[in-house]
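Everything below belongs to run.cif, which stores mmCIF, C-alpha atoms and all ligand atoms.
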data_target
#
loop_
_atom_site.label_atom_id
_atom_site.label_comp_id
_atom_site.auth_asym_id
_atom_site.auth_seq_id
_atom_site.Cartn_x
_atom_site.Cartn_y
_atom_site.Cartn_z
CA MET P 261 102.29 136.18 99.66
CA SER P 262 102.04 139.89 98.93
CA ALA P 263 103.68 141.79 96.10
CA GLU P 264 105.84 143.59 98.68
CA VAL P 265 107.28 140.34 100.00
CA LEU P 266 107.88 139.06 96.47
CA GLU P 267 109.62 142.33 95.62
CA LYS P 268 111.94 141.87 98.59
CA ILE P 269 112.84 138.38 97.43
CA ALA P 270 113.43 139.73 93.93
CA GLY P 271 115.68 142.50 95.25
CA LYS P 272 117.88 139.92 96.98
CA LEU P 273 118.04 137.75 93.88
CA ASP P 274 119.07 140.77 91.80
CA GLU P 275 121.84 141.67 94.23
CA THR P 276 123.45 138.27 93.94
CA ASP P 277 122.75 137.85 90.21
CA ALA P 278 126.01 136.82 88.53
CA PHE P 279 124.81 138.39 85.26
CA LYS P 280 123.73 141.78 86.61
CA GLU P 281 126.51 143.67 84.80
CA TYR P 282 125.26 142.56 81.38
CA ARG P 283 122.03 144.55 81.33
CA GLN P 284 123.82 147.88 80.93
CA ARG P 285 125.27 146.70 77.63
CA PHE P 286 121.79 146.69 76.11
CA VAL P 287 119.56 149.57 75.08
CA LEU P 288 116.52 149.03 77.31
CA ARG P 289 114.67 152.20 78.27
CA ASP P 290 113.64 152.85 81.85
CA GLY P 291 110.25 151.50 82.74
CA LEU P 292 110.19 149.00 79.91
CA ILE P 293 109.83 145.36 80.95
CA TYR P 294 110.85 143.49 77.84
CA LEU P 295 109.66 139.89 77.92
CA ASP P 296 109.92 139.33 74.19
CA GLY P 297 113.65 138.77 73.74
CA ASN P 298 112.71 135.24 72.65
CA SER P 299 111.10 136.80 69.57
CA LEU P 300 113.32 139.81 68.88
CA GLY P 301 116.31 140.33 71.14
CA PRO P 302 117.13 143.92 72.16
CA MET P 303 120.06 145.84 70.74
CA GLN P 304 123.43 146.17 72.40
CA LYS P 305 124.95 149.64 72.59
CA SER P 306 128.14 148.57 70.84
CA VAL P 307 126.18 147.60 67.73
CA VAL P 308 125.47 151.25 66.95
CA ASN P 309 129.17 152.14 66.74
CA ARG P 310 130.10 149.04 64.85
CA MET P 311 127.36 149.65 62.28
CA ALA P 312 128.33 153.31 61.99
CA THR P 313 131.86 152.22 61.07
CA THR P 314 130.65 149.60 58.61
CA LEU P 315 128.30 152.06 56.91
CA GLY P 316 130.27 155.29 57.13
CA GLU P 317 133.78 153.97 56.60
CA GLU P 318 133.80 150.48 55.16
CA TRP P 319 130.92 150.80 52.71
CA ALA P 320 130.89 154.55 52.07
CA LYS P 321 134.64 155.00 51.70
CA GLY P 322 136.21 151.56 51.37
CA LEU P 323 133.64 150.36 48.85
CA ILE P 324 134.47 147.05 47.20
CA GLY P 325 137.97 147.02 48.70
CA SER P 326 136.36 146.43 52.09
CA TRP P 327 135.74 142.78 51.20
CA ASN P 328 139.47 142.41 51.80
CA SER P 329 140.55 145.42 53.86
CA ALA P 330 137.66 145.39 56.34
CA GLY P 331 137.51 141.60 56.54
CA TRP P 332 133.99 141.29 55.11
CA SER P 333 134.91 138.07 53.36
CA ASN P 334 135.76 136.44 56.68
CA LEU P 335 132.80 137.76 58.66
CA GLY P 336 130.73 134.60 58.29
CA ARG P 337 133.56 132.52 59.75
CA GLU P 338 134.06 134.99 62.59
CA ALA P 339 130.40 134.88 63.52
CA ALA P 340 130.50 131.07 63.34
CA GLU P 341 133.48 130.99 65.73
CA LYS P 342 131.54 133.00 68.28
CA LEU P 343 128.31 131.10 67.80
CA ALA P 344 129.55 127.52 67.76
CA PRO P 345 130.25 127.20 71.52
CA LEU P 346 126.68 128.27 72.28
CA VAL P 347 125.38 125.14 70.59
CA GLY P 348 128.16 122.77 71.59
CA ALA P 349 129.72 122.57 68.13
CA GLU P 350 133.07 123.00 66.49
CA PRO P 351 133.15 126.20 64.39
CA SER P 352 133.97 123.99 61.39
CA SER P 353 130.44 122.56 61.73
CA VAL P 354 128.62 125.90 61.74
CA SER P 355 127.61 128.05 58.76
CA VAL P 356 126.12 131.51 59.35
CA GLY P 357 123.89 133.20 56.78
CA ASP P 358 120.43 133.09 55.18
CA SER P 359 117.23 132.76 57.20
CA THR P 360 116.28 129.89 59.48
CA SER P 361 113.72 128.75 56.91
CA ILE P 362 116.30 128.58 54.12
CA ASN P 363 118.81 126.79 56.33
CA LEU P 364 116.12 124.31 57.20
CA PHE P 365 115.62 123.61 53.51
CA LYS P 366 119.34 122.99 53.11
CA VAL P 367 119.68 120.61 56.04
CA LEU P 368 116.43 118.78 55.28
CA ALA P 369 117.42 118.26 51.67
CA SER P 370 120.81 116.98 52.84
CA ALA P 371 119.21 114.59 55.27
CA VAL P 372 116.76 113.04 52.81
CA GLN P 373 119.64 112.61 50.36
CA LEU P 374 121.45 110.54 52.98
CA ARG P 375 118.44 108.23 53.33
CA PRO P 376 117.43 107.66 49.68
CA ASP P 377 115.32 104.58 50.45
CA ARG P 378 113.14 106.19 53.08
CA ARG P 379 110.20 108.54 52.54
CA LYS P 380 109.00 109.65 55.98
CA ILE P 381 109.82 113.04 57.51
CA VAL P 382 108.58 112.96 61.10
CA SER P 383 107.77 116.13 63.01
CA GLU P 384 105.15 117.51 65.38
CA ARG P 385 101.91 119.27 64.54
CA GLY P 386 102.88 121.88 67.10
CA ASN P 387 106.21 122.62 65.41
CA PHE P 388 106.73 126.15 64.19
CA PRO P 389 104.76 126.44 60.94
CA THR P 390 107.67 127.56 58.75
CA ASP P 391 109.44 124.29 59.58
CA LEU P 392 106.43 122.28 58.47
CA TYR P 393 105.89 124.43 55.38
CA MET P 394 109.51 124.00 54.31
CA ALA P 395 109.29 120.22 54.77
CA HIS P 396 106.12 120.08 52.66
CA GLY P 397 107.67 122.34 50.05
CA LEU P 398 110.78 120.21 49.78
CA GLY P 399 108.77 116.98 49.60
CA ALA P 400 106.55 118.37 46.83
CA PHE P 401 109.57 119.67 44.93
CA LEU P 402 111.43 116.37 45.09
CA GLY P 403 108.37 114.59 43.70
CA LYS P 404 109.45 111.23 45.11
CA GLY P 405 106.54 110.72 47.46
CA HIS P 406 108.07 112.08 50.64
CA GLU P 407 105.48 112.31 53.36
CA VAL P 408 105.52 114.70 56.32
CA VAL P 409 104.09 112.77 59.25
CA LEU P 410 103.05 114.85 62.24
CA ALA P 411 102.82 113.66 65.82
CA GLU P 412 99.98 115.07 67.90
CA SER P 413 101.86 114.48 71.17
CA ASP P 414 105.32 113.65 72.51
CA GLU P 415 104.23 110.05 73.14
CA GLN P 416 103.02 109.62 69.60
CA LEU P 417 106.27 111.08 68.33
CA HIS P 418 108.18 108.08 69.64
CA GLU P 419 105.79 105.65 67.98
CA LEU P 420 105.91 107.39 64.61
CA ILE P 421 109.67 107.04 64.28
CA ASP P 422 110.36 103.75 62.52
CA GLU P 423 112.44 102.02 59.84
CA GLU P 424 110.71 104.08 57.12
CA THR P 425 111.74 107.36 58.69
CA ALA P 426 114.37 109.33 56.80
CA VAL P 427 114.45 112.34 59.07
CA VAL P 428 113.13 113.47 62.42
CA MET P 429 112.83 117.26 62.43
CA LEU P 430 112.02 118.88 65.76
CA THR P 431 112.19 122.25 67.46
CA GLN P 432 113.73 121.68 70.86
CA VAL P 433 111.65 124.31 72.65
CA ASP P 434 108.01 124.54 71.62
CA PHE P 435 107.35 128.11 70.52
CA LYS P 436 103.93 128.22 72.15
CA THR P 437 104.29 126.32 75.41
CA GLY P 438 108.03 126.44 76.00
CA ARG P 439 108.20 122.67 76.46
CA LYS P 440 111.79 121.51 76.04
CA LEU P 441 112.77 118.16 74.53
CA ASP P 442 115.64 115.99 75.76
CA MET P 443 118.06 116.36 72.87
CA ALA P 444 120.29 113.41 73.72
CA ALA P 445 117.42 110.96 74.25
CA MET P 446 115.46 112.01 71.18
CA THR P 447 118.54 111.98 68.94
CA ALA P 448 119.41 108.49 70.14
CA HIS P 449 115.84 107.30 69.55
CA ALA P 450 115.78 108.62 65.98
CA GLN P 451 119.19 107.20 65.16
CA LYS P 452 118.36 103.81 66.67
CA HIS P 453 115.78 103.54 63.88
CA GLY P 454 118.30 104.64 61.27
CA ALA P 455 116.80 108.12 60.85
CA LEU P 456 118.71 111.39 60.82
CA MET P 457 118.01 113.94 63.51
CA ILE P 458 117.53 117.64 62.70
CA TRP P 459 117.11 120.16 65.52
CA ASP P 460 115.68 123.65 65.25
CA LEU P 461 117.34 125.66 68.01
CA ALA P 462 115.43 128.93 67.49
CA HIS P 463 114.45 129.07 71.18
CA SER P 464 117.50 127.25 72.55
CA ALA P 465 120.67 129.02 71.40
CA GLY P 466 121.49 131.78 73.85
CA ALA P 467 118.98 130.62 76.46
CA PHE P 468 120.75 127.52 77.78
CA PRO P 469 123.67 125.26 76.82
CA VAL P 470 123.12 123.02 73.81
CA HIS P 471 125.38 120.03 73.11
CA LEU P 472 124.99 119.17 69.44
CA ASP P 473 128.32 117.36 69.01
CA GLN P 474 128.01 115.51 72.30
CA CYS P 475 124.47 114.34 71.45
CA GLY P 476 125.64 113.27 68.00
CA ALA P 477 122.89 115.30 66.32
CA ASP P 478 123.10 115.08 62.55
CA LEU P 479 122.02 118.55 61.51
CA ALA P 480 120.55 121.66 63.07
CA VAL P 481 119.44 125.21 62.38
CA GLY P 482 118.90 128.22 64.59
CA CYS P 483 117.87 131.83 64.58
CA GLY P 484 120.05 134.93 64.95
CA TYR P 485 117.51 137.50 66.15
CA LYS P 486 115.99 135.83 69.22
CA TYR P 487 118.20 135.06 72.23
CA LEU P 488 121.27 135.88 70.14
CA ASN P 489 120.09 139.51 69.75
CA GLY P 490 121.42 139.84 66.19
CA GLY P 491 118.74 142.32 65.06
CA PRO P 492 115.55 142.01 62.97
CA GLY P 493 116.03 139.43 60.21
CA ALA P 494 119.57 138.64 61.39
CA PRO P 495 121.36 135.82 59.56
CA ALA P 496 120.52 132.37 60.93
CA PHE P 497 122.83 129.37 61.19
CA ALA P 498 123.12 125.75 60.11
CA TYR P 499 125.00 122.98 61.87
CA VAL P 500 126.31 119.88 60.15
CA ASN P 501 127.91 117.10 62.15
CA ALA P 502 131.54 116.53 61.10
CA ARG P 503 130.73 112.98 59.94
CA HIS P 504 128.45 114.36 57.21
CA ILE P 505 130.62 117.23 56.01
CA GLY P 506 132.12 116.45 52.65
CA SER P 507 129.78 113.49 52.08
CA VAL P 508 126.63 115.52 51.68
CA THR P 509 125.84 118.33 49.24
CA GLN P 510 123.04 120.74 50.03
CA PRO P 511 121.15 121.68 46.87
CA LEU P 512 121.34 125.49 47.00
CA THR P 513 124.70 125.32 45.29
CA GLY P 514 125.42 129.01 44.96
CA TRP P 515 128.92 130.20 44.23
CA PHE P 516 129.82 130.70 47.88
CA SER P 517 129.31 126.98 48.41
CA HIS P 518 131.88 126.26 45.69
CA ALA P 519 135.41 125.09 46.47
CA ALA P 520 136.86 128.21 44.78
CA PRO P 521 134.23 130.91 44.10
CA PHE P 522 136.72 133.33 42.58
CA GLU P 523 137.98 130.90 39.97
CA PHE P 524 134.58 131.41 38.27
CA ASP P 525 134.70 127.84 37.08
CA PRO P 526 131.60 126.84 35.04
CA GLU P 527 131.78 123.38 36.67
CA TYR P 528 130.47 123.08 40.20
CA ARG P 529 132.83 121.70 42.82
CA PRO P 530 131.45 121.60 46.37
CA ALA P 531 133.53 123.32 49.04
CA GLY P 532 134.05 120.04 50.92
CA SER P 533 133.87 121.94 54.20
CA ILE P 534 131.02 123.61 56.08
CA ASP P 535 131.27 126.36 53.46
CA GLN P 536 129.25 124.07 51.20
CA PHE P 537 126.29 125.24 53.34
CA ASN P 538 126.73 128.84 52.21
CA CYS P 539 124.82 129.90 49.14
CA GLY P 540 125.33 133.43 47.80
CA THR P 541 127.10 136.59 48.93
CA LEU P 542 126.84 137.03 52.70
CA PRO P 543 124.59 139.83 53.99
CA VAL P 544 127.39 142.00 55.36
CA LEU P 545 125.21 144.54 57.18
CA GLY P 546 123.13 141.96 59.01
CA LEU P 547 126.16 139.86 59.66
CA THR P 548 128.04 142.81 61.14
CA ALA P 549 125.27 143.45 63.66
CA LEU P 550 125.10 139.75 64.51
CA ASP P 551 128.86 139.41 64.85
CA GLU P 552 129.02 142.41 67.18
CA SER P 553 126.07 141.08 69.22
CA LEU P 554 127.74 137.70 69.62
CA LYS P 555 130.81 139.21 71.33
CA ILE P 556 128.91 139.35 74.61
CA TRP P 557 128.95 135.54 74.91
CA SER P 558 132.68 135.14 75.35
CA GLY P 559 133.27 134.09 78.93
CA ILE P 560 129.63 133.42 79.76
CA ASP P 561 128.97 130.29 81.78
CA LEU P 562 125.99 128.78 79.97
CA GLU P 563 125.19 126.38 82.82
CA ALA P 564 124.92 129.33 85.19
CA LEU P 565 122.83 131.19 82.62
CA GLN P 566 120.47 128.23 82.42
CA GLU P 567 120.23 128.18 86.19
CA LYS P 568 119.21 131.85 86.20
CA SER P 569 116.65 131.16 83.49
CA ARG P 570 115.15 128.36 85.60
CA VAL P 571 115.05 130.37 88.81
CA MET P 572 113.60 133.34 86.96
CA THR P 573 110.85 131.50 85.10
CA GLN P 574 110.00 129.57 88.28
CA PHE P 575 109.82 132.85 90.17
CA PHE P 576 107.45 134.34 87.57
CA ILE P 577 105.14 131.33 87.86
CA ARG P 578 105.21 131.70 91.64
CA CYS P 579 104.40 135.44 91.41
CA VAL P 580 101.48 134.72 89.08
CA ASP P 581 100.28 131.92 91.40
CA GLU P 582 100.37 134.33 94.33
CA LEU P 583 99.07 137.50 92.70
CA VAL P 584 96.66 136.60 89.91
CA ARG P 585 93.13 135.65 90.89
CA ASP P 586 92.39 131.92 90.47
CA GLY P 587 90.69 130.89 87.26
CA GLU P 588 91.95 133.81 85.15
CA LEU P 589 94.90 132.02 83.54
CA THR P 590 96.01 128.45 82.92
CA LEU P 591 99.71 127.68 82.81
CA ALA P 592 100.49 126.29 79.35
CA SER P 593 104.19 125.65 80.08
CA PRO P 594 105.58 122.69 82.01
CA ARG P 595 105.83 123.49 85.73
CA ASP P 596 109.08 121.54 85.99
CA PRO P 597 111.88 123.92 84.91
CA GLN P 598 113.92 120.99 83.59
CA LEU P 599 111.22 120.46 80.97
CA ARG P 600 110.94 124.10 79.97
CA GLY P 601 112.87 126.56 77.84
CA SER P 602 113.27 130.17 78.95
CA GLN P 603 109.65 131.22 78.50
CA VAL P 604 106.39 130.97 80.39
CA SER P 605 103.05 130.82 78.59
CA TYR P 606 99.53 131.13 79.89
CA ARG P 607 96.23 130.43 78.26
CA HIS P 608 93.42 132.92 78.67
CA LYS P 609 89.94 131.68 77.89
CA LYS P 610 88.48 134.82 76.38
CA ASP P 611 91.15 136.86 74.65
CA ALA P 612 94.85 136.39 75.30
CA TYR P 613 95.57 138.87 72.51
CA ALA P 614 93.77 141.71 74.30
CA VAL P 615 95.46 140.80 77.61
CA VAL P 616 98.89 141.03 75.94
CA GLN P 617 97.98 144.35 74.30
CA ALA P 618 96.84 145.77 77.65
CA MET P 619 100.15 144.66 79.17
CA ILE P 620 102.09 146.30 76.34
CA ALA P 621 100.19 149.55 76.97
CA ARG P 622 101.62 149.36 80.52
CA GLY P 623 105.16 148.84 79.23
CA VAL P 624 105.30 145.08 79.75
CA VAL P 625 106.04 143.55 76.36
CA GLY P 626 105.14 139.91 75.81
CA ASP P 627 103.40 138.44 72.81
CA PHE P 628 100.35 136.51 71.72
CA ARG P 629 100.31 133.20 69.90
CA ASP P 630 97.14 132.01 68.29
CA PRO P 631 94.63 130.96 69.54
CA ASP P 632 94.81 131.62 73.29
CA ILE P 633 98.43 131.96 74.44
CA ALA P 634 100.01 134.91 76.24
CA ARG P 635 103.75 134.29 76.02
CA PHE P 636 106.45 135.79 78.20
CA GLY P 637 110.12 135.25 77.37
CA PHE P 638 112.75 135.55 80.07
CA ALA P 639 116.12 136.12 78.45
CA PRO P 640 118.38 135.53 81.45
CA LEU P 641 121.25 137.66 80.21
CA TYR P 642 119.66 141.05 80.83
CA LEU P 643 116.42 140.65 82.79
CA ARG P 644 116.03 141.53 86.47
CA TYR P 645 113.98 139.69 89.06
CA THR P 646 112.37 142.97 90.19
CA ASP P 647 110.94 143.33 86.68
CA VAL P 648 109.57 139.81 86.92
CA VAL P 649 107.52 140.71 90.00
CA LYS P 650 106.38 143.95 88.38
CA ALA P 651 105.25 142.06 85.29
CA ALA P 652 103.15 139.72 87.45
CA VAL P 653 101.66 142.69 89.34
CA HIS P 654 100.71 144.34 86.03
CA LEU P 655 99.22 141.08 84.83
CA SER P 656 97.07 140.73 87.93
CA GLU P 657 95.92 144.35 87.67
CA VAL P 658 95.12 144.11 83.96
CA LEU P 659 93.00 141.02 84.59
CA GLU P 660 91.26 142.15 87.77
CA SER P 661 90.40 145.61 86.52
CA ALA P 662 89.09 144.13 83.27
CA GLU P 663 91.32 146.73 81.63
CA TRP P 664 92.04 144.24 78.86
CA GLN P 665 88.40 144.42 77.76
CA SER P 666 88.88 147.95 76.50
CA GLU P 667 88.02 148.09 72.80
CA GLU P 668 91.40 149.38 71.61
CA PHE P 669 93.06 146.10 72.63
CA PHE P 670 90.98 143.90 70.36
CA THR P 671 92.13 145.06 66.93
CA ARG P 672 94.71 142.59 65.65
CA LYS P 673 97.88 144.06 64.22
CA ALA P 674 99.79 142.41 61.36
CA VAL P 675 102.49 141.08 63.68
CA THR P 676 101.22 139.63 66.94
C1 LIG R 1 111.52 132.07 64.89
C2 LIG R 1 111.54 130.72 64.32
C3 LIG R 1 111.88 130.53 62.98
C4 LIG R 1 112.12 131.73 62.11
O1 LIG R 1 112.35 131.45 60.80
P1 LIG R 1 112.78 132.63 59.80
O2 LIG R 1 113.14 131.96 58.57
O3 LIG R 1 113.90 133.37 60.47
O4 LIG R 1 111.62 133.56 59.67
C5 LIG R 1 111.96 129.24 62.50
N1 LIG R 1 111.71 128.18 63.30
C6 LIG R 1 111.36 128.34 64.59
C7 LIG R 1 111.11 127.16 65.46
C8 LIG R 1 111.25 129.62 65.13
O5 LIG R 1 110.90 129.79 66.40
#
Could you write out this structure as structure tokens?
Amino acid sequence: MSAEVLEKIAGKLDETDAFKEYRQRFVLRDGLIYLDGNSLGPMQKSVVNRMATTLGEEWAKGLIGSWNSAGWSNLGREAAEKLAPLVGAEPSSVSVGDSTSINLFKVLASAVQLRPDRRKIVSERGNFPTDLYMAHGLGAFLGKGHEVVLAESDEQLHELIDEETAVVMLTQVDFKTGRKLDMAAMTAHAQKHGALMIWDLAHSAGAFPVHLDQCGADLAVGCGYKYLNGGPGAPAFAYVNARHIGSVTQPLTGWFSHAAPFEFDPEYRPAGSIDQFNCGTLPVLGLTALDESLKIWSGIDLEALQEKSRVMTQFFIRCVDELVRDGELTLASPRDPQLRGSQVSYRHKKDAYAVVQAMIARGVVGDFRDPDIARFGFAPLYLRYTDVVKAAVHLSEVLESAEWQSEEFFTRKAVT
């Protein structure tokens, strides 16, 4: 099938796209095909005005009074209210603030506390490294012989979970391949063996519906700057199932996790609510951008969004199948859209990094993941099908012209 025919199909899909009005709310310059919203979401236009007010009025003029008068002190709760429905949680189970890594430390520490007789933390070797590093760091710090046991495959994962397992800690969508785990089934499997289940939703929240409460997940974390478009280094979030709130104390017991921070009591009393998962003063500037960015989700049908993500990623695979010469790329993502998050990854034998750089030079922004993955994220909220075809056309041209072999594309930058 030719590029022209695929473009026609794309044009029709764009016309009937239920989300087509959302793109104009983002700053996305003409000609840019941004397939990296899974790594850093683009900015919404309204964020500029909101930040201008927060900086120029609330901080510059209102100064410390803005904690009360501008509602800074309630901003974390407001962001949690907007975020909770995206992950299928009650707002009273969601805390917003700190980075994903720090939230992971909090929820992991809480989980191992709830299973004092068990020493195994089960995860996957392919999990995002910060998750594994944090688990190792916590285990070493506790000094009680906790062991991080890593599965090499999904099959092995099931076998590793046993009566010694304190916690199963998994990222639902694999950051390299985009493989998506069945949250309900995996949670049930972990809990059947008496383990607690922690989910990292970095590549889930904002891409498709997540049902933490319904699945009975114990704890979870997620990222604010990927599909949630909260801005670079945006505050992340933690989820704690209602049955654990009040019975578990995370160890970063800063004053904002206290029952009454402004009593300045020398004795620690845990908040007894999800606020116990706060630590210190909330990052107001980052939180303001995140809170503004989250407004877009009110009224969005997440099932329909997931359907668009599936059609779109499937369409990209089809375009690549049709347009890219055989043997150039190997699909690293599951072909079945039910088993995939909102990204499509390909392996390139020689140098996926240079291929991605050559694409970026043409205005098609994806990213590279070591050692051989070219990764393309398809945030369904603002991407168009016509751009999907164009991206595949650029990919085929970059590969066939050997453009990617140009020397300038081989120098690795600090952030890939
Ligand atoms: C992006 C990502 C993170 C990011 O962690 P930070 O603390 O925000 O740097 C963590 N876990 C996973 C699975 C991710 O994809």
Counting all atoms listed in the file, which of P:Val544, P:Ala652, P:Leu562, P:Leu343 gets nearest to Trp319 in chain P?
->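 When distances to Trp319 in chain P are compared using all atoms listed in the file, the smallest one comes from P:Val544.
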When you draw a straight line from CA of Lys268 in chain P to CA of Val649 in chain P, how long is it in Å?
->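 Going from CA of Lys268 in chain P over to CA of Val649 in chain P covers 9.7 Å.
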Enclose ligand LIG 1 (chain R), meaning all of its atoms listed in the file, in a box aligned along x, y and z, pad it by 8 Å on each side, and list the centre and edge lengths in Å to one decimal, as JSON.
{"center_x": 112.4, "center_y": 130.4, "center_z": 62.5, "size_x": 19.0, "size_y": 22.4, "size_z": 23.8}
Using all atoms listed in the file, which residue out of P:Gln432, P:Leu641, P:Asp632, P:Val616 lies closest to Gln665 in chain P?
->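 Residue with the minimum atom-to-atom distance to Gln665 in chain P: P:Val616.
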Would you give me, as a tab-separated table, each residue of chain P having an atom within 7 Å of an atom of ligand LIG 1 (chain R), along with its shortest atom pair and that distance in Å to one decimal, using all atoms listed in the file and sorting by chain and residue number?
residue	atom	partner	partner_atom	distance
P:Ser299	CA	R:LIG1	C1	6.7
P:Ser359	CA	R:LIG1	O2	4.4
P:Thr360	CA	R:LIG1	O2	3.9
P:Ser361	CA	R:LIG1	O2	3.7
P:Ile362	CA	R:LIG1	O2	6.4
P:Asn387	CA	R:LIG1	C7	6.7
P:Phe388	CA	R:LIG1	C7	4.7
P:Thr390	CA	R:LIG1	C5	5.9
P:Asp391	CA	R:LIG1	N1	5.8
P:Thr431	CA	R:LIG1	C7	5.4
P:Phe435	CA	R:LIG1	O5	5.7
P:Asp460	CA	R:LIG1	C7	5.8
P:Leu461	CA	R:LIG1	C7	6.9
P:Ala462	CA	R:LIG1	O5	4.7
P:His463	CA	R:LIG1	O5	6.0
P:Cys483	CA	R:LIG1	O3	5.9
P:Gly493	CA	R:LIG1	O3	6.4
P:Ala496	CA	R:LIG1	O3	6.7
Separation of CA of Pro389 in chain P and CA of Lys436 in chain P, in Å?
->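 Computing the Euclidean distance for CA of Pro389 in chain P and CA of Lys436 in chain P yields 11.4 Å.
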